[in-house]
$ cat work.cif   # mmCIF, C-alpha atoms
data_final
loop_
_atom_site.label_atom_id
_atom_site.label_comp_id
_atom_site.auth_asym_id
_atom_site.auth_seq_id
_atom_site.Cartn_x
_atom_site.Cartn_y
_atom_site.Cartn_z
CA MET A 23 81.69 189.36 26.55
CA LYS A 24 82.35 191.32 29.72
CA ARG A 25 80.21 190.82 32.78
CA GLU A 26 78.81 194.36 32.62
CA GLN A 27 77.76 193.90 28.99
CA PHE A 28 76.04 190.61 29.74
CA LEU A 29 74.11 192.02 32.70
CA GLY A 30 73.18 195.08 30.65
CA ARG A 31 71.66 192.93 27.89
CA VAL A 32 69.72 190.85 30.44
CA THR A 33 68.39 194.00 32.09
CA ALA A 34 67.35 195.49 28.74
CA ALA A 35 65.61 192.27 27.70
CA LEU A 36 63.63 192.09 30.94
CA ARG A 37 62.63 195.76 30.93
CA GLY A 38 58.92 195.89 30.23
CA ALA A 39 58.61 192.11 30.01
CA ASP A 40 55.19 190.63 30.71
CA LEU A 41 55.86 187.96 33.30
CA PRO A 42 53.27 185.19 33.73
CA GLU A 43 51.31 185.04 36.96
CA ALA A 44 52.93 182.66 39.41
CA THR A 45 50.57 180.10 40.88
CA GLY A 46 51.37 177.46 43.46
CA PRO A 47 49.91 174.03 44.08
CA ASP A 48 46.54 173.70 45.73
CA THR A 49 46.58 173.64 49.50
CA ALA A 50 46.82 170.08 50.77
CA PRO A 51 43.73 168.92 52.65
CA PRO A 52 44.18 168.79 56.44
CA ILE A 53 45.16 165.47 57.97
CA GLN A 54 42.87 164.20 60.70
CA PHE A 55 42.91 161.01 62.76
CA ASP A 56 40.07 159.56 64.81
CA ASP A 57 42.52 158.87 67.63
CA PRO A 58 45.69 161.01 67.32
CA ILE A 59 47.20 159.47 70.47
CA GLU A 60 46.88 155.92 69.18
CA THR A 61 48.25 156.97 65.78
CA PHE A 62 51.19 158.72 67.47
CA VAL A 63 52.08 155.56 69.39
CA VAL A 64 51.94 153.37 66.28
CA GLU A 65 54.07 155.73 64.19
CA ALA A 66 56.60 156.43 66.97
CA GLU A 67 57.15 152.74 67.64
CA ALA A 68 57.52 152.13 63.90
CA VAL A 69 60.66 154.33 63.96
CA ALA A 70 62.07 152.56 67.05
CA ALA A 71 60.95 155.04 69.71
CA GLU A 72 59.78 153.51 72.97
CA VAL A 73 56.39 154.88 74.07
CA THR A 74 54.74 154.63 77.47
CA ILE A 75 51.22 155.96 78.07
CA VAL A 76 50.44 156.76 81.69
CA GLY A 77 48.19 158.91 83.79
CA SER A 78 49.66 161.94 85.50
CA GLY A 79 49.86 160.07 88.80
CA GLU A 80 52.08 157.32 87.38
CA ALA A 81 54.23 159.39 85.01
CA ALA A 82 57.02 160.30 87.44
CA ARG A 83 57.35 156.66 88.47
CA ALA A 84 57.53 155.64 84.80
CA ILE A 85 60.37 158.09 84.19
CA THR A 86 62.39 156.88 87.18
CA ALA A 87 61.86 153.29 85.97
CA ILE A 88 63.29 154.19 82.56
CA ILE A 89 66.37 155.76 84.16
CA GLU A 90 66.75 152.75 86.44
CA ASN A 91 66.81 150.45 83.43
CA THR A 92 69.67 152.44 81.89
CA GLY A 93 71.87 151.78 84.93
CA GLU A 94 72.73 155.49 85.13
CA ARG A 95 72.41 157.75 88.16
CA ARG A 96 72.96 161.15 86.56
CA TYR A 97 70.94 163.13 84.04
CA VAL A 98 70.72 166.49 82.31
CA ALA A 99 67.36 168.15 81.85
CA TRP A 100 65.40 171.20 80.88
CA ASP A 101 64.51 173.67 83.59
CA ARG A 102 60.85 173.79 84.65
CA LEU A 103 60.11 170.15 83.82
CA ASP A 104 57.21 170.51 86.22
CA ASP A 105 55.47 172.62 83.57
CA PHE A 106 55.09 169.38 81.62
CA LEU A 107 54.63 167.05 84.59
CA PRO A 108 54.08 168.56 88.05
CA GLY A 109 56.22 166.96 90.72
CA VAL A 110 58.66 165.16 88.44
CA THR A 111 61.71 167.07 89.70
CA ALA A 112 60.95 166.21 93.33
CA SER A 113 60.41 162.55 92.37
CA LEU A 114 63.82 162.38 90.70
CA ASP A 115 65.46 163.97 93.75
CA GLN A 116 63.73 161.53 96.10
CA ALA A 117 64.87 158.60 93.95
CA GLY A 118 68.47 159.74 94.40
CA TYR A 119 69.25 160.79 90.82
CA GLU A 120 71.78 163.57 90.34
CA ARG A 121 71.00 166.37 87.93
CA VAL A 122 74.07 167.67 86.07
CA ASP A 123 74.17 171.36 85.22
CA ALA A 124 73.67 171.69 81.45
CA ARG A 125 74.68 175.34 81.20
CA VAL A 126 77.62 176.12 78.92
CA ALA A 127 80.04 179.00 79.56
CA ALA A 128 80.61 181.77 77.04
CA ASP A 129 84.41 181.53 77.39
CA ALA A 130 85.84 179.19 74.76
CA ALA A 131 88.11 177.24 77.10
CA GLU A 132 85.43 176.80 79.75
CA ARG A 133 82.88 175.92 77.06
CA HIS A 134 85.09 173.06 75.90
CA LEU A 135 85.20 171.69 79.46
CA ASP A 136 81.43 172.08 79.82
CA HIS A 137 80.82 170.15 76.62
CA ALA A 138 83.03 167.31 77.86
CA ARG A 139 81.29 167.29 81.25
CA ILE A 140 77.80 167.24 79.76
CA GLY A 141 78.78 164.74 77.07
CA ALA A 142 79.69 162.22 79.78
CA VAL A 143 76.05 162.08 80.94
CA ALA A 144 74.00 159.37 79.24
CA VAL A 145 70.44 160.42 80.16
CA GLY A 146 68.61 163.59 79.16
CA ILE A 147 65.06 164.58 80.07
CA THR A 148 63.03 167.18 78.21
CA GLY A 149 59.45 168.13 77.65
CA ALA A 150 57.86 168.12 74.21
CA ASP A 151 55.97 171.19 73.10
CA ILE A 152 54.07 169.26 70.43
CA GLY A 153 53.65 165.67 69.27
CA ILE A 154 52.88 164.83 65.62
CA ALA A 155 50.63 161.82 65.15
CA ALA A 156 51.30 161.34 61.43
CA SER A 157 55.00 160.64 61.94
CA GLY A 158 55.34 159.86 65.65
CA SER A 159 57.58 162.91 66.02
CA VAL A 160 58.06 165.30 68.92
CA VAL A 161 58.71 169.02 68.52
CA LEU A 162 61.12 170.72 70.92
CA GLN A 163 61.56 174.48 71.13
CA HIS A 164 64.97 175.34 72.58
CA GLY A 165 66.03 178.47 74.39
CA PRO A 166 67.07 179.65 77.86
CA GLY A 167 66.62 176.80 80.33
CA ARG A 168 65.96 174.37 77.47
CA PRO A 169 69.45 173.15 76.44
CA ARG A 170 69.86 171.17 73.23
CA SER A 171 72.38 168.97 75.02
CA ALA A 172 69.55 167.29 76.93
CA SER A 173 68.13 165.91 73.69
CA LEU A 174 71.10 165.70 71.31
CA LEU A 175 74.23 164.70 73.28
CA VAL A 176 72.79 161.92 75.41
CA GLU A 177 72.40 158.22 74.68
CA HIS A 178 68.94 158.03 76.27
CA HIS A 179 66.50 160.86 75.57
CA ILE A 180 63.39 160.79 77.78
CA VAL A 181 60.57 163.00 76.48
CA VAL A 182 57.60 164.08 78.58
CA LEU A 183 54.68 164.66 76.19
CA PRO A 184 51.29 165.78 77.55
CA ALA A 185 48.66 163.96 75.52
CA ASP A 186 46.70 167.13 74.80
CA ARG A 187 49.69 168.48 72.85
CA ILE A 188 49.47 165.78 70.16
CA VAL A 189 48.28 167.12 66.82
CA SER A 190 47.67 165.31 63.56
CA SER A 191 50.22 166.79 61.15
CA LEU A 192 53.47 168.72 60.77
CA GLY A 193 51.55 171.64 59.26
CA GLU A 194 49.32 171.85 62.31
CA ALA A 195 52.36 171.60 64.58
CA MET A 196 54.17 174.45 62.84
CA GLN A 197 51.16 176.70 63.33
CA ARG A 198 51.69 176.29 67.08
CA VAL A 199 55.43 176.98 67.12
CA ASP A 200 56.32 180.42 68.49
CA LEU A 201 59.38 181.32 66.43
CA GLU A 202 59.86 184.62 68.26
CA GLN A 203 60.27 182.84 71.60
CA THR A 204 62.67 180.08 70.58
CA SER A 205 66.28 179.96 69.43
CA ASN A 206 65.96 176.59 67.71
CA VAL A 207 63.21 174.13 66.81
CA ALA A 208 63.94 170.39 66.58
CA VAL A 209 61.52 167.84 65.12
CA ILE A 210 62.69 164.47 66.45
CA THR A 211 61.47 161.23 64.90
CA GLY A 212 62.81 158.25 66.80
CA PRO A 213 66.48 157.61 67.65
CA SER A 214 69.33 159.05 65.60
CA ARG A 215 70.08 156.86 62.61
CA THR A 216 72.51 156.84 59.72
CA GLY A 217 73.32 154.47 56.86
CA ASP A 218 76.62 153.59 55.23
CA ILE A 219 77.26 152.97 51.54
CA GLU A 220 75.74 149.50 51.91
CA SER A 221 72.58 151.00 53.45
CA ILE A 222 73.20 149.36 56.81
CA ILE A 223 71.36 151.46 59.40
CA THR A 224 73.16 152.28 62.65
CA LEU A 225 71.43 153.96 65.59
CA GLY A 226 72.94 156.57 67.87
CA VAL A 227 75.78 157.89 65.72
CA HIS A 228 74.70 161.54 65.58
CA GLY A 229 72.34 161.66 68.55
CA PRO A 230 70.46 159.49 71.04
CA ARG A 231 70.45 155.74 70.53
CA HIS A 232 67.23 155.46 72.53
CA VAL A 233 64.22 157.79 72.57
CA HIS A 234 61.66 157.15 75.31
CA VAL A 235 58.40 159.10 74.99
CA VAL A 236 56.22 159.23 78.10
CA VAL A 237 52.74 160.30 77.00
CA VAL A 238 50.93 161.75 80.00
CA GLU A 239 47.15 161.57 79.83
CA THR A 240 44.84 163.47 82.14
CA ALA A 241 41.89 161.74 83.76
CA GLY A 242 39.58 163.02 81.01
CA HIS A 243 41.73 161.41 78.31
CA MET A 244 42.39 158.06 79.94
CA PRO A 245 41.02 155.09 77.94
#

$ encode --input "work.cif" --output "structure tokens"
Amino acid sequence: MKREQFLGRVTAALRGADLPEATGPDTAPPIQFDDPIETFVVEAEAVAAEVTIVGSGEAARAITAIIENTGERRYVAWDRLDDFLPGVTASLDQAGYERVDARVAADAAERHLDHARIGAVAVGITGADIGIAASGSVVLQHGPGRPRSASLLVEHHIVVLPADRIVSSLGEAMQRVDLEQTSNVAVITGPSRTGDIESIITLGVHGPRHVHVVVVETAGHMP
């Protein structure tokens, strides 16, 4: 039977057909936690993320301590980190850390060189737009001034997460994502991991080997 004949018979059979009403599953009840911050810490550490909870006055010092422990002196970062933690950029400058430009050229040859240059940097610092308590994940919205290289190409990814941005569930997080203002959304749950045929898990193959989340609490949220 020719293709046209087959499609013609299907079309004739469907013409005037009474299709059943499509119904979906019931809406899942919302997830709520008594203490989303505590739940976030437990779940993030369960997937091998390292979490530090600090007040805003100690956060910059905590970040410089993390970098110091890596033995690195250079880092890539998002622009406007101070939107997540005021004063952090000045603190990094005062500590003598060198920020490497994470911009990538449009020209193919120059872009290749930029990727190699950025890929040689082991530390990346970003903010987190949202934290998800149920899974210990952080949500990053990428775009101009928010390079993916700072969270995907580095060995150590340092995330600045304001405590008031932690929500209970992925569904709640997605309601806050502004898809019109972002080129890419990444939901990161702990370090990169992969398993071979024998199910042996290896960290850091396709992304950061270490994820450090610095949860910054305001005075009103401090325990």

$ atom_distance --input "work.cif" --atom1 "atom CA of A:Asp48" --atom2 "atom CA of A:Arg198"
22.1 Å

$ atom_distance --input "work.cif" --atom1 "atom CA of A:Ser78" --atom2 "atom CA of A:Val160"
18.9 Å

$ closest_residue --input "work.cif" --among "A:Val235, A:Val143, A:Ile53, A:Val126" --to "A:Glu67" --atoms "all atoms listed in the file"
A:Val235

$ closest_residue --input "work.cif" --among "A:His178, A:His234, A:Arg187, A:Arg37" --to "A:Ile59" --atoms "all atoms listed in the file"
A:Arg187

$ resolve_selection --input "work.cif" --expression "the PyMOL selection byres ((chain A and resi 95) around 6)" --output "ChimeraX atom specification"
/A:94,96,119

$ residues_around --input "work.cif" --residues "A:Ala144" --least-positions-apart "5" --cutoff "9 Å" --atoms "all atoms listed in the file" --output "ChimeraX atom specification"
/A:92,94,96-98,175-179,230

$ resolve_selection --input "work.cif" --expression "the PyMOL selection byres ((chain A and resi 83) around 12)" --output "PDB file with C-alpha atoms, in the frame of the given file"
ATOM      1  CA  THR A  74      54.740 154.630  77.470  1.00  0.00           C
ATOM      2  CA  VAL A  76      50.440 156.760  81.690  1.00  0.00           C
ATOM      3  CA  GLY A  77      48.190 158.910  83.790  1.00  0.00           C
ATOM      4  CA  SER A  78      49.660 161.940  85.500  1.00  0.00           C
ATOM      5  CA  GLY A  79      49.860 160.070  88.800  1.00  0.00           C
ATOM      6  CA  GLU A  80      52.080 157.320  87.380  1.00  0.00           C
ATOM      7  CA  ALA A  81      54.230 159.390  85.010  1.00  0.00           C
ATOM      8  CA  ALA A  82      57.020 160.300  87.440  1.00  0.00           C
ATOM      9  CA  ALA A  84      57.530 155.640  84.800  1.00  0.00           C
ATOM     10  CA  ILE A  85      60.370 158.090  84.190  1.00  0.00           C
ATOM     11  CA  THR A  86      62.390 156.880  87.180  1.00  0.00           C
ATOM     12  CA  ALA A  87      61.860 153.290  85.970  1.00  0.00           C
ATOM     13  CA  ILE A  88      63.290 154.190  82.560  1.00  0.00           C
ATOM     14  CA  ILE A  89      66.370 155.760  84.160  1.00  0.00           C
ATOM     15  CA  GLU A  90      66.750 152.750  86.440  1.00  0.00           C
ATOM     16  CA  LEU A 107      54.630 167.050  84.590  1.00  0.00           C
ATOM     17  CA  GLY A 109      56.220 166.960  90.720  1.00  0.00           C
ATOM     18  CA  VAL A 110      58.660 165.160  88.440  1.00  0.00           C
ATOM     19  CA  THR A 111      61.710 167.070  89.700  1.00  0.00           C
ATOM     20  CA  ALA A 112      60.950 166.210  93.330  1.00  0.00           C
ATOM     21  CA  SER A 113      60.410 162.550  92.370  1.00  0.00           C
ATOM     22  CA  LEU A 114      63.820 162.380  90.700  1.00  0.00           C
ATOM     23  CA  GLN A 116      63.730 161.530  96.100  1.00  0.00           C
ATOM     24  CA  ALA A 117      64.870 158.600  93.950  1.00  0.00           C
ATOM     25  CA  VAL A 236      56.220 159.230  78.100  1.00  0.00           C
ATOM     26  CA  VAL A 238      50.930 161.750  80.000  1.00  0.00           C
TER      27      VAL A 238
END

$ atom_distance --input "work.cif" --atom1 "atom CA of A:Ser191" --atom2 "atom CA of A:Pro108"
27.2 Å

$ resolve_selection --input "work.cif" --expression "the PyMOL selection byres ((chain A and resi 152) around 7)" --output "list in words"
Ala150, Asp151, Gly153, Ile154, Val160, Val161, Arg187, Ile188 and Ala195 of chain A

$ axis_aligned_box --input "work.cif" --around "stretch 85-99 of chain A" --padding-each-side "6 Å" --output "lines of an AutoDock Vina configuration file"
center_x = 66.7
center_y = 159.3
center_z = 85.0
size_x = 24.6
size_y = 29.7
size_z = 18.3

$ residues_around --input "work.cif" --residues "A:Ser171" --least-positions-apart "3" --cutoff "10 Å" --atoms "all atoms listed in the file" --output "PyMOL selection string"
chain A and resi 98-100+124-126+137+140-141+143+146-147+168+174-176+229

$ closest_residue --input "work.cif" --among "A:Val69, A:Ala172, A:Ala128, A:Val199" --to "A:Ala142" --atoms "all atoms listed in the file"
A:Ala172

$ closest_residue --input "work.cif" --among "A:Arg133, A:Asp200, A:Pro58, A:Val233" --to "A:Ser214" --atoms "only C-alpha atoms"
A:Val233

$ closest_residue --input "work.cif" --among "A:Leu103, A:Val64, A:Met23, A:Ala185" --to "A:Glu239" --atoms "only C-alpha atoms"
A:Ala185

$ closest_residue --input "work.cif" --among "A:Val122, A:Val182, A:Ala35, A:Leu162" --to "A:Ser205" --atoms "only C-alpha atoms"
A:Leu162
